[in-house]
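Student: Got a structure here, written out as C-alpha cells. Questions coming.
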Amino acid sequence: MSARRPLSGIEQIVGRPYKYLRLEWTDELAMLRVRTCVKPIQCYSLAGLTEMQRVLDDVAENPGLVRHLVLSSDVAGVFNFGGDLALFVLLARARDLDSLRMYGRRCIDMVWWLENAAQRGVHTIVLVQGDTLGGGLESVLPFHKVIFERSAQAGFPEVLFNLFPGMGAWPLTIRKAGFSIANDMVLSGRLFTAEQLQRRSLVDLVVEDGEGELAIDALVRTVDPRLRGTLAALHARHLAAPITYESLLAVVDLWAETALTLTTRDLRLMERLARAQVRKVGGEDEGAVEEIKRIELDTAWSDLRGNTQWDEEHGTGVTVWTGLPGG
Amino acid sequence: MMPFFADLVMRTDEARREFETNSVVLDAVANGMSLERYRALLLELYHVVWHFNPVCAAAASRIPDSQRQIRYFLYEHMHEESGHEEWVVNDLEAVGVARAGTDAHAPSVHTLALNGYNYWAADRRDPCSVLGMLYALEVIASVYGGPFSNAIRESLLLEGDRGVSFISSHATMDAEHMASLRKILNTLGDGPTRDAIAESTLVNFHHVTRIFEAI
C-alpha cells in the first residue's frame with residue numbers, strides 16, 4: 001500500500017519552509033502532526049493563518065494521503081490567544097472594513113476546511129495544553145476530537161470589549177453543546193476549565209497534564225482500524241446538522257461591522273489584554289487569562305456602581321461593596 | 001483589485017509583528033523601561049520627529065500633479081505635526097534631560113539610517129514612499145503607544161501625561177490619522193508607487209525596531 005503512496009505528496013507537504021508551523025509525518029498511521037509556534041505571542045496572525053491554510057490546501061491536493069491530522073501548540077502554557085489583537089486595534093482605528101472582513105474570511109476558510117475534513121477522508125484531532133481564547137477556541141471546535149489537558153482553560157472573552165466571536169463560535173457551540181450553553185459562553189465572556197468544557201460536551205477527552213501526547217496516540221490507534229466508518233458517520237453528522245459557509249460568512253461580515261463600532265474604551269481593554277498576553281510570554285505567571293478575570297471583576301464593579309436600582313434590589317450588598325478597599 | 005490599505009496591511013504585517021514581538025519592545029510594552037533607557041529613547045525620537053516634516057516637505061515638492069491629493073494630505077499632516085518636537089523636548093525635561101542635553105545629543109546610526117532612507121526615498125525612489133513612513137510610525141503610535149505610555153507611567157511613577165505627553169497624545173491622535181491615511185492610500189492604484197510605499201513601510205518598521213533594540 002505504501003508503495004502506491006505518492007511520496008512526492010508528503011515530501012511536498014512537510015518539506016515546505018514554514019516559519020510558524022512544525023510538521024511531522026508518521027507513515028505507519030498516515031498521521032500529519034501540525035504544531036503551531038507563532039512566537040512569542042501565539043495567535044492567529046495573518047502569516048500564521050496563511051501557513052495553516054497552505055498545509056490544509058496541500059492535504060486537500062493529495063487526497064488519500066493524510067488520514068489523521070493532529071494540531072497542537074509548541075508554546076508552553078498557550079494553545080492560542082485567538083485573533084491578532086494588535087491587528088484588530090490597527091484595523092478598527094483605521095476604520096478598515098475591507099481588511100477586517102478579509103481577516104475574518106481567512107479564519108472561516110480554515111474552519112470550513114475542518115468542517116469538511118471527513119468528506120476529504122481526513123480525521124482531525126486537536127490537543128489543547130494551555131490557554132485558549134476567542135478565536136483560539138473557535139478554531140478548536142470544528143475538530144472531530146478535542147483533547148484538553150486538565151490545566152487548560154478556554155472561553156470567549158470578546159463580549160468584555162464589546163465584540164463577539166465571529167468565526168464559527170455560535171454554530172459550532174450550538175451544535176455540540178446546545179443553544180443555552182452557547183448563549184452562556186458567548187454572552188458571559190467567562191472562562192471555563194477543561195472539566196467544565198467536557199461537561200458542556202465541547203471537549204471529548206480531558207487528560208492529566210503531560211499525558212496529551214499519549215492520548216493522541218491511543219486515540220489515533222483506536223480510530224484508524226475503523227476510519228472509513230468513522231468518517232462516513234462524521235460526514236452524515238455534517239449532513240444531519242449542517243453548518244453552511246454562507247452563514248459563517250454572514251456572521252463574519254457582522255463581526256467586521258461590529259468591530260468598527262468599538263469605542264476608545266473597548267480598544268483600550270483590548271490593548272490591556274494584548275499587554276497581558278505579552279507579560280505571559282515574557283515569563284510572568286499571570287497573563288491574558290488573569291487579565292480577563294480582572295476585566296470581568298472591574299466590569300462587575302462598575303456595573304454595580306452604575307446601577308441605581310442595585311441599592312434597592314440588593315440592600316445589604318452596598319455595605320459589603322463600600323466596606324471593601326476602594327469601594 | 002484589493003484596496004491599497006488592505007494590501008499594505010497584508011504585505012507589511014510580518015514587519016509589524018517583528019516590531020511587536022521584538023523582545024525589547026515586548027518588555028517595554030509590558031513592563032515599561034528604566035529612566036535611563038526611556039531618556040535614550042526620547043532622545044532618538046526627538047530626531048525622528050524633528051525630521052518628520054522636512055521629509056514630508058521633500059516628498060510633497062516632488063509629488064506629480066496627477067497625485068495632488070497626496071500633496072494636500074501631506075500639507076495638512078505637516079500642519080498638524082508642526083512643533084511636536086517640542087513635546088518631546090518637554091517630556092525629556094520632565095524626566096531630567098535639559099534642552100541643552102537634547103540639542104547636544106547625536107542620533108544613533110539607526111536613527112540616521114531611518115531618516116536617511118526617508119529623505120532618499122522621497123528624493124530618488126518615489127515621493128509617495130513617504131506614506132510608508134507615515135503608516136509605520138502611525139501604526140506604532142496608535143496601536144502600541146497607549147499601552148507603552150501606560151507602562152512607562154507605571155514603571156517610572158509619572159503623573160498624568162508628564163513625561164509621556166508625546167507618546168500618549170500621539171496614541172490618540174494617530175488613531176484619527178489612521179482613518180485618513182487609509183482613505184488617501186486607497187486613492188492610489190499605481191503598481192510601482194504601491195511597491196515603493198510597501199518597501200518604505202518595511203524599512204521604517206525595521207529601523208524603528210533597531211532603535212528600540214539599541215537603547
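We label chains A, B, ... in the order they appear in the C-alpha cells, count residues from 1 in each chain, and number ligands from 1 in the order shown.
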Hey, could you make a per-residue contact list for chain A against chain B with 8 Å as the cut-off, showing the nearest pair of atoms and its distance in Å to one decimal, counting only C-alpha atoms, sorted by chain and number, as CSV?
Tutor:
```
residue,atom,partner,partner_atom,distance
A:Lys39,CA,B:Thr21,CA,7.7
A:Pro40,CA,B:Thr21,CA,6.3
A:Ile41,CA,B:Thr21,CA,7.2
A:Leu46,CA,B:Asp13,CA,7.2
A:Ala47,CA,B:Glu14,CA,6.9
A:Ala86,CA,B:Val143,CA,6.3
A:Val89,CA,B:Val143,CA,6.2
A:Leu90,CA,B:Val143,CA,5.9
A:Arg93,CA,B:Ala175,CA,5.3
A:Ala94,CA,B:Ala179,CA,4.0
A:Arg95,CA,B:Ala179,CA,5.8
A:Asp96,CA,B:Arg182,CA,7.4
A:Asp98,CA,B:Ala6,CA,6.7
A:Ser99,CA,B:Ala6,CA,5.2
A:Arg268,CA,B:Gly146,CA,7.8
A:Glu271,CA,B:Pro147,CA,6.4
A:Arg272,CA,B:Pro147,CA,7.1
A:Arg275,CA,B:Ala30,CA,5.5
A:Ala276,CA,B:Ala30,CA,7.2
A:Val278,CA,B:Ala30,CA,6.1
A:Arg279,CA,B:Ala30,CA,5.6
A:Gly282,CA,B:Asp27,CA,7.0
```
Student: Can you list, as a PDB file with N, CA and C atoms, in the first residue's frame, every protein, DNA or RNA residue that comes within 8 Å of Gln119 in chain A when you count only C-alpha atoms, leaving out same-chain residues fewer than 6 positions away?
Tutor:
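Contents of part32.pdb, freshly written:
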```
ATOM      1  N   LEU A 231     -15.413   8.159   9.428  1.00  0.00           N
ATOM      2  CA  LEU A 231     -15.514   9.337   8.558  1.00  0.00           C
ATOM      3  C   LEU A 231     -16.887   9.431   7.900  1.00  0.00           C
ATOM      4  N   ALA A 232     -17.439   8.277   7.518  1.00  0.00           N
ATOM      5  CA  ALA A 232     -18.781   8.288   6.919  1.00  0.00           C
ATOM      6  C   ALA A 232     -19.800   8.790   7.942  1.00  0.00           C
ATOM      7  N   HIS A 235     -19.390  12.474   8.317  1.00  0.00           N
ATOM      8  CA  HIS A 235     -19.980  13.134   7.146  1.00  0.00           C
ATOM      9  C   HIS A 235     -21.504  13.198   7.307  1.00  0.00           C
TER      10      HIS A 235
END
```
Student: Which polymer residues have any atom within 8 Å of an atom of Glu24 in chain A, counting only C-alpha atoms, with same-chain residues fewer than 4 positions away left out, as a ChimeraX atom specification?
Tutor: /A:14,32-34
Student: Among range 75-227 of chain A, which residues carry a DSSP assignment of alpha helix (DSSP H), reported as a VMD selection string?
Tutor: chain A and resid 85 to 93 97 to 115 135 to 140 169 to 177 179 to 188 194 to 199 212 to 223 227
Student: Could you tell me how far CA of Ile152 in chain B sits from CA of Ala100 in chain B, in Å to one decimal place?
Tutor: 23.6 Å
Student: Can you work out which one of A:Thr264, A:Leu29, A:Arg16, A:Ala241 has the shortest atom-to-atom distance to Pro225 in chain A, counting only C-alpha atoms?
Tutor: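 Nearest to Pro225 in chain A: A:Leu29.
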Student: Excluding same-chain residues fewer than 6 positions from range 69-71 of chain A, what lies within 8 Å of it counting only C-alpha atoms, as an mmCIF file with N, CA and C atoms, in the first residue's frame?
Tutor:
```cif
data_model
loop_
_atom_site.group_PDB
_atom_site.id
_atom_site.type_symbol
_atom_site.label_atom_id
_atom_site.label_comp_id
_atom_site.auth_asym_id
_atom_site.auth_seq_id
_atom_site.Cartn_x
_atom_site.Cartn_y
_atom_site.Cartn_z
ATOM 1 N N MET A 31 -0.328 9.916 9.619
ATOM 2 C CA MET A 31 -0.714 10.996 10.532
ATOM 3 C C MET A 31 0.195 12.209 10.336
ATOM 4 N N LEU A 32 -0.437 13.340 10.100
ATOM 5 C CA LEU A 32 0.306 14.593 9.974
ATOM 6 C C LEU A 32 0.125 15.391 11.258
ATOM 7 N N ARG A 33 1.221 15.612 11.969
ATOM 8 C CA ARG A 33 1.181 16.441 13.176
ATOM 9 C C ARG A 33 1.533 17.869 12.790
ATOM 10 N N VAL A 34 0.714 18.811 13.189
ATOM 11 C CA VAL A 34 0.992 20.224 12.944
ATOM 12 C C VAL A 34 1.099 20.913 14.297
ATOM 13 N N ARG A 35 2.269 21.452 14.562
ATOM 14 C CA ARG A 35 2.467 22.176 15.825
ATOM 15 C C ARG A 35 2.656 23.645 15.500
ATOM 16 N N THR A 36 1.845 24.480 16.149
ATOM 17 C CA THR A 36 1.920 25.912 15.867
ATOM 18 C C THR A 36 2.902 26.576 16.829
ATOM 19 N N VAL A 122 -10.218 12.775 5.939
ATOM 20 C CA VAL A 122 -9.248 13.119 6.997
ATOM 21 C C VAL A 122 -9.955 13.193 8.342
ATOM 22 N N HIS A 123 -9.412 12.439 9.312
ATOM 23 C CA HIS A 123 -9.914 12.507 10.683
ATOM 24 C C HIS A 123 -9.060 13.525 11.429
ATOM 25 N N THR A 124 -9.691 14.432 12.185
ATOM 26 C CA THR A 124 -8.936 15.539 12.788
ATOM 27 C C THR A 124 -8.999 15.481 14.315
ATOM 28 N N ILE A 125 -7.867 15.780 14.931
ATOM 29 C CA ILE A 125 -7.745 15.788 16.394
ATOM 30 C C ILE A 125 -6.993 17.056 16.787
ATOM 31 N N VAL A 126 -7.430 17.653 17.899
ATOM 32 C CA VAL A 126 -6.680 18.799 18.421
ATOM 33 C C VAL A 126 -6.344 18.542 19.885
ATOM 34 N N LEU A 127 -5.122 18.873 20.251
ATOM 35 C CA LEU A 127 -4.686 18.755 21.642
ATOM 36 C C LEU A 127 -4.433 20.153 22.193
#
```
Student: Give me the residues near range 204-219 of chain A as a list in words, where near means some atom within 6 Å (using only C-alpha atoms) and where sequence neighbours in that chain fewer than 4 positions away do not count.
Tutor: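 Contacts, in chain order: Val146, Ile147, Phe148, Glu149 and Arg150 of chain A.
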Student: Could you turn the residues from that selection into a file that holds N, CA and C atoms, as a compact mmCIF listing (two decimals), in the first residue's frame?
Tutor:
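And here is the file that came out, out-v1.txt:
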```txt
# COMPACT_ATOMS: atom_id res chain seq x y z
N VAL A 146 -11.61 16.57 20.37
CA VAL A 146 -10.97 17.67 21.09
C VAL A 146 -10.45 17.14 22.43
N ILE A 147 -9.12 17.19 22.59
CA ILE A 147 -8.49 16.72 23.84
C ILE A 147 -7.94 17.93 24.58
N PHE A 148 -8.27 18.05 25.86
CA PHE A 148 -7.71 19.11 26.70
C PHE A 148 -6.89 18.48 27.81
N GLU A 149 -5.71 19.05 28.09
CA GLU A 149 -5.04 18.68 29.33
C GLU A 149 -5.72 19.45 30.47
N ARG A 150 -5.63 18.88 31.67
CA ARG A 150 -6.50 19.34 32.76
C ARG A 150 -6.34 20.82 33.12
```
Student: What is the CA of Val49 in chain B-CA of Asp195 in chain B distance in Å, reported with one decimal?
Tutor: 24.7 Å
Student: From the list B:Ala198, B:Val95, B:Leu137, B:Ala60, which residue is nearest Leu158 in chain B when using only C-alpha atoms?
Tutor: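 Counting only C-alpha atoms, the residue closest to Leu158 in chain B is B:Val95.
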